[in-house]
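K.L.:
Enclosed is the structure file run.csv (CSV, C-alpha atoms and all ligand atoms).
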chain,number,residue,atom,x,y,z
A,1,MET,CA,35.6,61.8,7.7
A,2,MET,CA,33.4,60.0,5.3
A,3,GLN,CA,32.3,63.3,3.6
A,4,ARG,CA,35.9,64.5,3.4
A,5,ALA,CA,37.1,61.3,1.9
A,6,LEU,CA,34.4,61.3,-0.7
A,7,LEU,CA,35.1,65.0,-1.5
A,8,LEU,CA,38.7,64.1,-1.9
A,9,ILE,CA,37.9,61.4,-4.3
A,10,ALA,CA,35.6,63.7,-6.2
A,11,GLY,CA,38.4,66.3,-6.4
A,12,LEU,CA,40.8,63.7,-7.7
A,13,LEU,CA,38.4,62.6,-10.3
A,14,VAL,CA,37.9,66.2,-11.5
A,15,MET,CA,41.7,66.6,-11.7
A,16,LEU,CA,42.4,63.3,-13.4
A,17,LEU,CA,39.6,63.4,-15.9
A,18,GLY,CA,39.5,67.1,-16.3
A,19,VAL,CA,35.7,67.3,-16.0
A,20,SER,CA,33.9,70.4,-14.9
A,21,PRO,CA,31.2,70.4,-12.2
A,22,HIS,CA,28.6,70.8,-15.0
A,23,LEU,CA,28.7,67.5,-16.9
A,24,ALA,CA,27.7,67.1,-20.5
A,25,ALA,CA,26.3,63.9,-21.8
A,26,GLY,CA,28.9,61.1,-21.7
A,27,ASP,CA,30.9,62.7,-18.9
A,28,THR,CA,31.6,60.9,-15.6
A,29,PRO,CA,28.6,61.4,-13.3
A,30,PRO,CA,29.1,63.1,-9.9
A,31,LEU,CA,29.4,61.0,-6.7
A,32,PRO,CA,26.0,60.1,-5.2
A,33,ALA,CA,24.7,61.3,-1.9
A,34,ALA,CA,23.7,58.8,0.8
A,35,TYR,CA,21.0,59.1,3.5
A,36,TYR,CA,20.0,57.1,6.5
A,37,GLY,CA,17.8,57.5,9.6
A,38,SER,CA,14.6,56.5,11.4
A,39,VAL,CA,11.2,56.2,9.8
A,40,THR,CA,8.2,56.9,12.0
A,41,TYR,CA,4.5,57.8,11.8
A,42,ASP,CA,3.5,61.2,13.1
A,43,ASP,CA,2.2,59.4,16.2
A,44,GLY,CA,5.7,58.3,17.0
A,45,ASN,CA,5.3,54.6,16.1
A,46,PRO,CA,8.0,53.2,13.8
A,47,VAL,CA,7.3,52.1,10.3
A,48,GLN,CA,8.3,48.5,10.5
A,49,THR,CA,8.7,47.4,7.0
A,50,GLY,CA,8.5,48.6,3.4
A,51,THR,CA,10.5,50.7,0.9
A,52,ILE,CA,11.8,54.2,0.8
A,53,GLU,CA,12.2,55.9,-2.6
A,54,ALA,CA,14.2,59.1,-3.1
A,55,VAL,CA,12.6,61.4,-5.7
A,56,ILE,CA,14.2,64.4,-7.5
A,57,ASP,CA,12.1,66.4,-9.9
A,58,GLY,CA,9.5,63.6,-9.9
A,59,ALA,CA,12.0,60.9,-10.9
A,60,ILE,CA,13.1,58.1,-8.6
A,61,CYS,CA,16.8,58.4,-8.0
A,62,GLY,CA,17.3,55.7,-5.4
A,63,GLN,CA,15.6,53.3,-3.1
A,64,THR,CA,16.2,51.1,0.0
A,65,SER,CA,14.2,49.0,2.4
A,66,ILE,CA,12.9,49.8,5.9
A,67,SER,CA,13.9,47.5,8.7
A,68,ASN,CA,12.3,48.0,12.2
A,69,GLY,CA,11.8,51.7,11.8
A,70,PHE,CA,15.1,52.5,10.2
A,71,TYR,CA,16.5,52.9,6.7
A,72,GLY,CA,20.2,52.6,6.1
A,73,SER,CA,22.9,52.6,8.7
A,74,PRO,CA,25.1,55.4,10.1
A,75,ASN,CA,28.1,53.1,10.1
A,76,THR,CA,30.7,53.5,7.4
A,77,GLY,CA,30.5,50.8,4.8
A,78,GLU,CA,27.0,49.7,5.7
A,79,GLN,CA,24.0,50.2,3.4
A,80,LYS,CA,22.4,53.6,3.0
A,81,LEU,CA,19.9,55.1,0.7
A,82,VAL,CA,22.1,56.0,-2.2
A,83,VAL,CA,20.8,58.8,-4.3
A,84,GLN,CA,22.3,59.5,-7.7
A,85,TYR,CA,21.7,62.5,-9.8
A,86,PRO,CA,23.3,62.9,-13.2
A,87,GLU,CA,24.4,66.4,-12.8
A,88,ASN,CA,25.8,68.3,-9.8
A,89,ILE,CA,23.4,71.2,-9.9
A,90,PRO,CA,23.0,73.0,-6.6
A,91,GLY,CA,19.6,73.4,-5.1
A,92,LYS,CA,18.1,70.1,-6.3
A,93,ILE,CA,15.7,68.9,-3.6
A,94,VAL,CA,15.3,65.2,-2.7
A,95,CYS,CA,11.9,64.1,-1.5
A,96,PHE,CA,11.3,60.8,0.2
A,97,MET,CA,8.4,58.4,-0.4
A,98,VAL,CA,7.8,55.9,2.5
A,99,ASN,CA,5.7,53.0,1.2
A,100,GLY,CA,4.3,55.4,-1.4
A,101,VAL,CA,3.5,58.2,1.0
A,102,GLU,CA,5.6,61.3,0.8
A,103,ALA,CA,7.4,62.0,4.1
A,104,GLY,CA,7.4,65.5,5.5
A,105,GLN,CA,11.2,65.9,5.2
A,106,SER,CA,13.3,66.8,2.2
A,107,VAL,CA,17.0,67.8,1.7
A,108,GLU,CA,19.1,69.6,-0.8
A,109,TRP,CA,21.0,67.0,-2.8
A,110,GLN,CA,24.8,67.5,-2.5
A,111,SER,CA,27.1,65.1,-4.3
A,112,GLY,CA,29.3,63.0,-2.1
A,113,THR,CA,27.5,63.7,1.2
A,114,SER,CA,26.2,61.2,3.8
A,115,VAL,CA,23.4,62.7,5.8
A,116,ARG,CA,21.1,61.5,8.6
A,117,LEU,CA,17.5,62.4,7.8
A,118,ASP,CA,14.8,61.1,10.1
A,119,LEU,CA,11.6,60.7,8.1
A,120,VAL,CA,8.0,61.1,9.4
A,121,VAL,CA,4.9,60.0,7.7
A,122,ASN,CA,1.5,61.5,8.2
A,123,LYS,CA,-0.9,58.8,9.2
A,124,ALA,CA,-3.9,60.7,7.9
A,125,SER,CA,-2.9,59.8,4.3
A,126,LEU,CA,-3.0,56.1,5.0
A,127,PRO,CA,-6.1,53.8,4.9
A,128,LYS,CA,-7.9,53.6,8.2
A,129,VAL,CA,-6.8,50.8,10.5
A,130,PRO,CA,-9.3,47.9,10.6
A,131,ALA,CA,-11.0,46.8,13.8
A,132,PHE,CA,-11.7,43.4,15.2
A,133,SER,CA,-15.1,42.4,16.6
A,134,PRO,CA,-14.7,41.2,19.2
A,135,ASN,CA,-11.3,42.8,19.8
A,136,GLY,CA,-9.6,39.8,21.4
A,137,GLY,CA,-10.4,38.2,24.8
A,138,ILE,CA,-11.0,34.9,26.5
A,139,PHE,CA,-13.5,32.5,25.0
A,140,THR,CA,-14.8,29.0,25.5
A,141,ASN,CA,-14.3,26.4,22.7
A,142,SER,CA,-14.4,29.0,19.8
A,143,VAL,CA,-15.1,32.5,18.8
A,144,THR,CA,-16.2,34.1,15.6
A,145,VAL,CA,-14.2,37.1,14.6
A,146,GLY,CA,-15.3,39.9,12.3
A,147,ILE,CA,-13.2,42.7,10.8
A,148,ASP,CA,-14.8,46.1,10.6
A,149,ASN,CA,-13.8,49.6,9.5
A,150,ILE,CA,-12.8,48.6,6.0
A,151,ALA,CA,-13.2,51.7,3.7
A,152,SER,CA,-15.0,51.0,0.4
A,153,GLY,CA,-12.7,50.1,-2.4
A,154,CYS,CA,-10.2,48.7,0.1
A,155,ASP,CA,-9.5,45.1,1.2
A,156,ALA,CA,-8.5,43.8,4.6
A,157,TYR,CA,-5.9,41.1,4.8
A,158,TYR,CA,-5.4,39.0,7.9
A,159,THR,CA,-3.1,36.4,9.4
A,160,LEU,CA,-3.5,33.9,12.2
A,161,ASP,CA,0.1,33.0,12.7
A,162,GLY,CA,1.4,36.3,14.0
A,163,SER,CA,3.0,37.4,10.7
A,164,ASP,CA,2.3,40.7,9.1
A,165,PRO,CA,-0.5,40.7,6.5
A,166,THR,CA,0.7,40.9,2.9
A,167,LEU,CA,-1.0,40.9,-0.5
A,168,SER,CA,-0.3,37.2,-0.8
A,169,GLY,CA,-2.2,36.5,2.4
A,170,THR,CA,-5.8,36.0,3.2
A,171,VAL,CA,-8.4,38.5,2.1
A,172,TYR,CA,-11.2,39.1,4.6
A,173,LYS,CA,-14.6,38.3,3.2
A,174,THR,CA,-16.8,37.1,6.1
A,175,PRO,CA,-16.4,36.5,9.8
A,176,PHE,CA,-14.2,33.5,10.6
A,177,THR,CA,-14.1,31.1,13.6
A,178,LEU,CA,-11.1,30.5,15.8
A,179,THR,CA,-10.9,27.2,17.7
A,180,ALA,CA,-7.4,27.7,19.1
A,181,SER,CA,-5.7,30.5,20.9
A,182,GLY,CA,-3.6,32.9,18.8
A,183,THR,CA,-2.9,36.4,17.6
A,184,VAL,CA,-4.8,37.8,14.6
A,185,LYS,CA,-3.3,40.6,12.6
A,186,ALA,CA,-5.0,42.6,10.0
A,187,ALA,CA,-4.3,45.6,7.7
A,188,VAL,CA,-6.2,47.4,5.0
A,189,TYR,CA,-4.8,47.8,1.5
A,190,ASP,CA,-6.0,50.5,-0.8
A,191,SER,CA,-5.4,49.2,-4.3
A,192,SER,CA,-6.1,52.6,-5.9
A,193,THR,CA,-3.2,54.2,-4.1
A,194,GLY,CA,-1.1,51.1,-3.3
A,195,LEU,CA,-1.1,52.1,0.4
A,196,TRP,CA,-1.4,49.9,3.5
A,197,SER,CA,-2.9,51.0,6.8
A,198,SER,CA,-1.1,50.3,10.0
A,199,ILE,CA,-1.4,46.8,11.3
A,200,THR,CA,-3.8,46.0,14.1
A,201,SER,CA,-3.6,42.9,16.2
A,202,ALA,CA,-5.6,41.2,18.8
A,203,ALA,CA,-5.0,38.2,21.1
A,204,PHE,CA,-7.7,35.5,21.4
A,205,THR,CA,-7.5,32.9,24.2
A,206,ILE,CA,-9.7,29.9,23.5
A,207,ASN,CA,-10.3,27.6,26.5
A,208,LYS,CA,-11.7,24.2,26.0
A,209,ALA,CA,-15.0,23.7,27.9
A,210,VAL,CA,-14.4,21.6,31.0
A,211,GLY,CA,-17.9,20.2,30.8
A,212,GLY,CA,-20.8,19.8,28.5
A,213,THR,CA,-24.0,21.6,27.7
A,214,VAL,CA,-27.6,20.7,28.7
A,215,ARG,CA,-30.3,22.1,26.4
A,216,GLY,CA,-34.0,21.5,26.2
A,217,SER,CA,-37.4,23.2,26.1
A,218,VAL,CA,-40.5,23.5,28.2
A,219,VAL,CA,-44.1,24.1,27.0
A,220,PRO,CA,-46.2,25.5,30.0
A,221,GLN,CA,-49.8,24.4,29.6
A,222,GLY,CA,-52.4,27.1,29.0
A,223,LEU,CA,-50.0,29.8,27.7
A,224,SER,CA,-49.7,31.0,24.1
A,225,ALA,CA,-46.5,30.4,22.2
A,226,GLY,CA,-43.8,33.1,22.7
A,227,LYS,CA,-44.9,33.6,26.4
A,228,PHE,CA,-43.0,30.7,27.8
A,229,ALA,CA,-40.3,32.7,29.6
A,230,GLY,CA,-39.4,32.4,33.3
A,231,ILE,CA,-39.9,28.7,34.0
A,232,ASN,CA,-37.3,27.5,36.5
A,233,VAL,CA,-35.0,24.7,35.4
A,234,ILE,CA,-32.7,23.1,38.0
A,235,LEU,CA,-29.8,20.7,37.5
A,236,LEU,CA,-29.5,18.2,40.4
A,237,SER,CA,-26.9,15.7,41.3
A,238,GLY,CA,-28.9,13.5,43.7
A,239,SER,CA,-30.5,16.2,45.9
A,240,GLN,CA,-27.7,18.7,45.4
A,241,GLN,CA,-28.4,21.6,43.1
A,242,ILE,CA,-25.6,22.0,40.6
A,243,SER,CA,-26.9,24.7,38.3
A,244,SER,CA,-30.1,26.6,37.5
A,245,THR,CA,-31.5,28.7,34.8
A,246,SER,CA,-34.9,29.8,33.4
A,247,THR,CA,-36.6,29.5,30.1
A,248,LEU,CA,-36.6,32.1,27.3
A,249,ASN,CA,-39.8,33.3,25.5
A,250,ASP,CA,-39.8,30.2,23.3
A,251,GLY,CA,-39.5,27.9,26.3
A,252,SER,CA,-35.9,26.9,25.6
A,253,TYR,CA,-33.2,26.7,28.2
A,254,GLN,CA,-29.5,25.9,28.2
A,255,MET,CA,-26.9,25.3,30.9
A,256,ASP,CA,-23.2,25.4,29.9
A,257,ASN,CA,-20.0,24.2,31.5
A,258,VAL,CA,-21.7,21.3,33.3
A,259,THR,CA,-19.0,18.9,34.6
A,260,GLU,CA,-19.2,15.3,33.4
A,261,GLY,CA,-21.7,13.3,35.3
A,262,ILE,CA,-25.2,12.0,35.4
A,263,TYR,CA,-27.9,14.5,36.5
A,264,ILE,CA,-31.6,15.1,37.1
A,265,VAL,CA,-33.2,18.1,35.3
A,266,MET,CA,-36.0,19.4,37.5
A,267,ILE,CA,-38.5,21.8,36.0
A,268,LYS,CA,-40.7,23.7,38.5
A,269,SER,CA,-42.5,27.0,38.7
A,270,ASP,CA,-45.5,28.5,40.4
A,271,LYS,CA,-48.9,27.1,39.3
A,272,TYR,CA,-47.3,24.1,37.5
A,273,LEU,CA,-46.8,20.5,38.5
A,274,SER,CA,-43.0,19.8,38.6
A,275,SER,CA,-41.5,17.6,36.0
A,276,LYS,CA,-38.1,15.9,36.0
A,277,ILE,CA,-35.9,14.1,33.6
A,278,ASN,CA,-33.7,11.4,35.2
A,279,GLY,CA,-30.4,10.1,33.9
A,280,VAL,CA,-29.1,13.1,32.0
A,281,SER,CA,-25.6,12.0,31.1
A,282,VAL,CA,-23.2,14.9,30.4
A,283,SER,CA,-19.8,14.5,28.8
A,284,ALA,CA,-17.1,17.2,28.3
A,285,GLY,CA,-17.4,19.2,25.1
A,286,SER,CA,-20.7,17.7,24.0
A,287,THR,CA,-24.3,18.9,24.2
A,288,VAL,CA,-27.3,16.9,25.5
A,289,ASN,CA,-30.5,17.8,23.8
A,290,LEU,CA,-33.4,16.9,26.0
A,291,SER,CA,-37.0,16.3,24.7
A,292,PRO,CA,-39.5,19.1,25.2
A,293,VAL,CA,-41.4,18.9,28.5
A,294,ASN,CA,-45.1,19.7,28.8
A,295,LEU,CA,-45.8,21.4,32.2
A,296,LEU,CA,-49.3,20.8,33.6
A,297,VAL,CA,-50.9,23.8,35.2
A,298,GLY,CA,-53.4,24.1,38.1
A,299,ASP,CA,-51.3,23.9,41.3
A,300,ALA,CA,-52.5,27.1,42.9
A,301,ASN,CA,-51.2,26.3,46.4
A,302,GLY,CA,-47.8,24.9,45.5
A,303,ASP,CA,-48.1,21.4,47.0
A,304,ASP,CA,-47.2,19.8,43.6
A,305,MET,CA,-50.7,18.2,43.5
A,306,ILE,CA,-53.8,19.3,41.8
A,307,GLY,CA,-57.1,18.9,43.7
A,308,GLY,CA,-59.5,20.4,46.2
A,309,LEU,CA,-57.2,22.9,47.7
A,310,ASP,CA,-56.5,24.4,44.4
A,311,PHE,CA,-60.2,24.5,43.6
A,312,SER,CA,-60.8,26.4,46.8
A,313,ALA,CA,-58.1,28.9,45.9
A,314,LEU,CA,-59.6,29.3,42.5
A,315,LEU,CA,-63.0,30.0,43.9
A,316,SER,CA,-61.6,32.6,46.4
A,317,ALA,CA,-60.4,34.6,43.4
A,318,TRP,CA,-63.2,33.8,41.0
A,319,ASN,CA,-64.1,36.5,38.5
A,320,LYS,CA,-61.4,38.8,39.7
A,321,SER,CA,-59.0,40.5,37.2
A,322,GLU,CA,-55.6,41.9,37.7
A,323,GLY,CA,-55.7,45.1,39.8
A,324,GLN,CA,-58.9,44.0,41.6
A,325,SER,CA,-59.0,43.0,45.3
A,326,GLY,CA,-58.8,39.2,45.7
A,327,TYR,CA,-57.1,38.6,42.4
A,328,ASN,CA,-54.3,36.1,42.7
A,329,PRO,CA,-52.0,35.4,39.7
A,330,LEU,CA,-51.4,31.9,41.0
A,331,ASN,CA,-55.0,31.1,40.1
A,332,ASP,CA,-54.7,32.5,36.6
A,333,PHE,CA,-53.8,29.3,34.9
A,334,ASN,CA,-54.0,30.5,31.3
A,335,GLY,CA,-52.2,33.8,32.0
A,336,ASP,CA,-54.9,36.1,30.7
A,337,LYS,CA,-54.9,38.2,33.9
A,338,SER,CA,-58.4,37.2,35.0
A,339,ILE,CA,-59.8,34.2,36.9
A,340,GLY,CA,-62.7,32.3,35.5
A,341,GLY,CA,-64.0,29.4,33.4
A,342,LEU,CA,-60.9,28.9,31.3
A,343,ASP,CA,-58.8,28.5,34.4
A,344,PHE,CA,-61.4,26.1,35.9
A,345,SER,CA,-61.3,24.1,32.8
A,346,LEU,CA,-57.5,23.7,33.0
A,347,LEU,CA,-57.9,22.7,36.7
A,348,LEU,CA,-60.4,20.0,35.8
A,349,GLN,CA,-58.1,18.6,33.0
A,350,ASN,CA,-55.4,17.9,35.6
A,351,TRP,CA,-57.6,16.9,38.5
A,352,ASN,CA,-55.8,14.6,41.0
A,353,LYS,CA,-52.5,14.7,39.1
A,354,LYS,CA,-49.2,14.9,40.9
A,355,GLY,CA,-45.9,16.4,40.2
A,356,ALA,CA,-42.5,14.8,40.2
A,357,THR,CA,-41.7,15.7,43.8
A,358,ILE,CA,-44.6,13.5,45.0
A,359,PRO,CA,-43.8,9.8,45.4
B,401,CA,CA,-52.1,22.0,44.8
B,402,CA,CA,-57.3,33.1,33.5
How does the structure come out when it is put into structure tokens?
P.N.:
Amino acid sequence: MMQRALLLIAGLLVMLLGVSPHLAAGDTPPLPAAYYGSVTYDDGNPVQTGTIEAVIDGAICGQTSISNGFYGSPNTGEQKLVVQYPENIPGKIVCFMVNGVEAGQSVEWQSGTSVRLDLVVNKASLPKVPAFSPNGGIFTNSVTVGIDNIASGCDAYYTLDGSDPTLSGTVYKTPFTLTASGTVKAAVYDSSTGLWSSITSAAFTINKAVGGTVRGSVVPQGLSAGKFAGINVILLSGSQQISSTSTLNDGSYQMDNVTEGIYIVMIKSDKYLSSKINGVSVSAGSTVNLSPVNLLVGDANGDDMIGGLDFSALLSAWNKSEGQSGYNPLNDFNGDKSIGGLDFSLLLQNWNKKGATIP
């Protein structure tokens, strides 16, 4: 109906004005053509926003905006992509640029027509989609987010409020820290072509820590720095074990998500007298930094005292090295994998000393 009505009007104009289909300069132009339809990428996803330009012979002859994967409306009287061409020459081809990228579809321009033309854009011509690191997830207190996969010469823009990135938004420079839950969206813009990548988004859930963190360090006697790993650290509430961990190479330890309360930190490993820190007060969201603890070595038999029994044990393994019969690592107080004078010297230093478990 629409087409017939328009053709009728065109015919009337020709009759009234006496113009021929081939217009000379100054003549009344022919009726425009109108287009509408869907706009999708070649993977089937809709192009959400942007602009469509109609091009004939390299000249822009009309443009309209994209809304939720559509341009124009099929309904009479509603907006369409109106394409005007000054002369009604048969065979003129209309091409369509979707956000600067030529769609795979084209159509022969015909004055006065209204045509549905679904446009498809090849994703390969767009900048690569950026990637989040980490790509969303659940975190405690905060998370630091990086954006990768940004081609050289391009910039990534991101938002934290769920809106689509635009050139007036935030340019990504270095990883940023989130302390509240939300959705991060990012897209890459290539300023040399004026093209945007697709938008990528990721949801980050940030849970506030219920408890606090206990952190400290241990220096086991007789060992060289960097070999302090594996000392047991236990968090006690009265006599009840709440948490446990072991030291890293540098002697440090950390226990997270400790509920509020007052605790004892007990440090105990084979060969060493135990040591404890009383009255460790933990509050939610904060970190307790405990002083370094020096662990005394020489308790070969594990009774948390150093004395004659340990001396006997040392003698029974005297002069033995790792791999030899009679060697016992519990007597190797300095960790050099052999039993001898250096270990005896350490034993003497701590003679008659007691650990924290002995009243
Ligand atoms: Ca002992
Ligand atoms: Ca030794």
K.L.:
Hey, which residues sit close to ligand CA 402 (chain B)? Say within 7 Å, counting only C-alpha atoms and all ligand atoms, and write them as number ranges by chain.
P.N.:
A: 332-340, 342-343
K.L.:
Could you list, as a list in words, all protein and nucleic acid residues with an atom at most 8 Å from ligand CA 401 (chain B), counting only C-alpha atoms and all ligand atoms?
P.N.:
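Counting only C-alpha atoms and all ligand atoms, the residues within 8 Å of ligand CA 401 (chain B) come out as Gly298, Asp299, Ala300, Asn301, Gly302, Asp303, Asp304, Met305, Ile306, Gly307, Gly308, Leu309 and Asp310 of chain A.
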K.L.:
Tell me which of A:Asn75, A:Asn328, A:Ser67, A:Thr40 sits closest to Val120 (chain A), counting all atoms listed in the file.
P.N.:
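Using all atoms listed in the file, the shortest distance to Val120 (chain A) belongs to A:Thr40.
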K.L.:
Identify, on the basis of only C-alpha atoms, every residue whose closest approach to Ile262 (chain A) does not exceed 9 Å; exclude the query and any residue fewer than 4 positions from it along the same chain; express the result as a PyMOL selection string.
P.N.:
chain A and resi 237+278-283
K.L.:
What is the CA of Asn232 (chain A)-CA of Glu260 (chain A) distance in Å, reported with one decimal?
P.N.:
22.0 Å
K.L.:
Reconstruct N, CA and C atoms of region 302-320 of chain A from the incomplete input and present them as a PDB file, in the coordinates of the input.
P.N.:
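Output file part-v5.pdb follows:
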ATOM      1  N   GLY A 302     -49.228  25.276  45.446  1.00  0.00           N
ATOM      2  CA  GLY A 302     -47.800  24.900  45.500  1.00  0.00           C
ATOM      3  C   GLY A 302     -47.448  23.657  46.158  1.00  0.00           C
ATOM      4  N   ASP A 303     -48.401  22.709  46.340  1.00  0.00           N
ATOM      5  CA  ASP A 303     -48.100  21.400  47.000  1.00  0.00           C
ATOM      6  C   ASP A 303     -47.725  20.340  45.985  1.00  0.00           C
ATOM      7  N   ASP A 304     -47.607  20.704  44.743  1.00  0.00           N
ATOM      8  CA  ASP A 304     -47.200  19.800  43.600  1.00  0.00           C
ATOM      9  C   ASP A 304     -48.306  18.722  43.397  1.00  0.00           C
ATOM     10  N   MET A 305     -49.523  19.040  43.814  1.00  0.00           N
ATOM     11  CA  MET A 305     -50.700  18.200  43.500  1.00  0.00           C
ATOM     12  C   MET A 305     -51.788  19.102  43.038  1.00  0.00           C
ATOM     13  N   ILE A 306     -52.709  18.538  42.269  1.00  0.00           N
ATOM     14  CA  ILE A 306     -53.800  19.300  41.800  1.00  0.00           C
ATOM     15  C   ILE A 306     -55.125  18.679  42.336  1.00  0.00           C
ATOM     16  N   GLY A 307     -55.893  19.492  43.096  1.00  0.00           N
ATOM     17  CA  GLY A 307     -57.100  18.900  43.700  1.00  0.00           C
ATOM     18  C   GLY A 307     -57.926  19.983  44.393  1.00  0.00           C
ATOM     19  N   GLY A 308     -58.568  19.547  45.472  1.00  0.00           N
ATOM     20  CA  GLY A 308     -59.500  20.400  46.200  1.00  0.00           C
ATOM     21  C   GLY A 308     -58.983  21.689  46.704  1.00  0.00           C
ATOM     22  N   LEU A 309     -57.753  21.672  47.188  1.00  0.00           N
ATOM     23  CA  LEU A 309     -57.200  22.900  47.700  1.00  0.00           C
ATOM     24  C   LEU A 309     -57.004  23.965  46.658  1.00  0.00           C
ATOM     25  N   ASP A 310     -56.631  23.494  45.472  1.00  0.00           N
ATOM     26  CA  ASP A 310     -56.500  24.400  44.400  1.00  0.00           C
ATOM     27  C   ASP A 310     -57.822  24.947  43.890  1.00  0.00           C
ATOM     28  N   PHE A 311     -58.804  24.072  43.944  1.00  0.00           N
ATOM     29  CA  PHE A 311     -60.200  24.500  43.600  1.00  0.00           C
ATOM     30  C   PHE A 311     -60.656  25.579  44.513  1.00  0.00           C
ATOM     31  N   SER A 312     -60.430  25.392  45.826  1.00  0.00           N
ATOM     32  CA  SER A 312     -60.800  26.400  46.800  1.00  0.00           C
ATOM     33  C   SER A 312     -60.125  27.740  46.528  1.00  0.00           C
ATOM     34  N   ALA A 313     -58.848  27.642  46.230  1.00  0.00           N
ATOM     35  CA  ALA A 313     -58.100  28.900  45.900  1.00  0.00           C
ATOM     36  C   ALA A 313     -58.664  29.572  44.724  1.00  0.00           C
ATOM     37  N   LEU A 314     -59.018  28.763  43.717  1.00  0.00           N
ATOM     38  CA  LEU A 314     -59.600  29.300  42.500  1.00  0.00           C
ATOM     39  C   LEU A 314     -60.879  30.070  42.785  1.00  0.00           C
ATOM     40  N   LEU A 315     -61.721  29.433  43.606  1.00  0.00           N
ATOM     41  CA  LEU A 315     -63.000  30.000  43.900  1.00  0.00           C
ATOM     42  C   LEU A 315     -62.843  31.360  44.676  1.00  0.00           C
ATOM     43  N   SER A 316     -61.815  31.404  45.547  1.00  0.00           N
ATOM     44  CA  SER A 316     -61.600  32.600  46.400  1.00  0.00           C
ATOM     45  C   SER A 316     -61.249  33.815  45.494  1.00  0.00           C
ATOM     46  N   ALA A 317     -60.762  33.527  44.298  1.00  0.00           N
ATOM     47  CA  ALA A 317     -60.400  34.600  43.400  1.00  0.00           C
ATOM     48  C   ALA A 317     -61.271  34.704  42.179  1.00  0.00           C
ATOM     49  N   TRP A 318     -62.361  33.983  42.228  1.00  0.00           N
ATOM     50  CA  TRP A 318     -63.200  33.800  41.000  1.00  0.00           C
ATOM     51  C   TRP A 318     -63.701  35.192  40.519  1.00  0.00           C
ATOM     52  N   ASN A 319     -63.633  35.311  39.212  1.00  0.00           N
ATOM     53  CA  ASN A 319     -64.100  36.500  38.500  1.00  0.00           C
ATOM     54  C   ASN A 319     -63.323  37.766  38.785  1.00  0.00           C
ATOM     55  N   LYS A 320     -62.189  37.599  39.406  1.00  0.00           N
ATOM     56  CA  LYS A 320     -61.400  38.800  39.700  1.00  0.00           C
ATOM     57  C   LYS A 320     -60.315  38.935  38.555  1.00  0.00           C
TER      58      LYS A 320
END
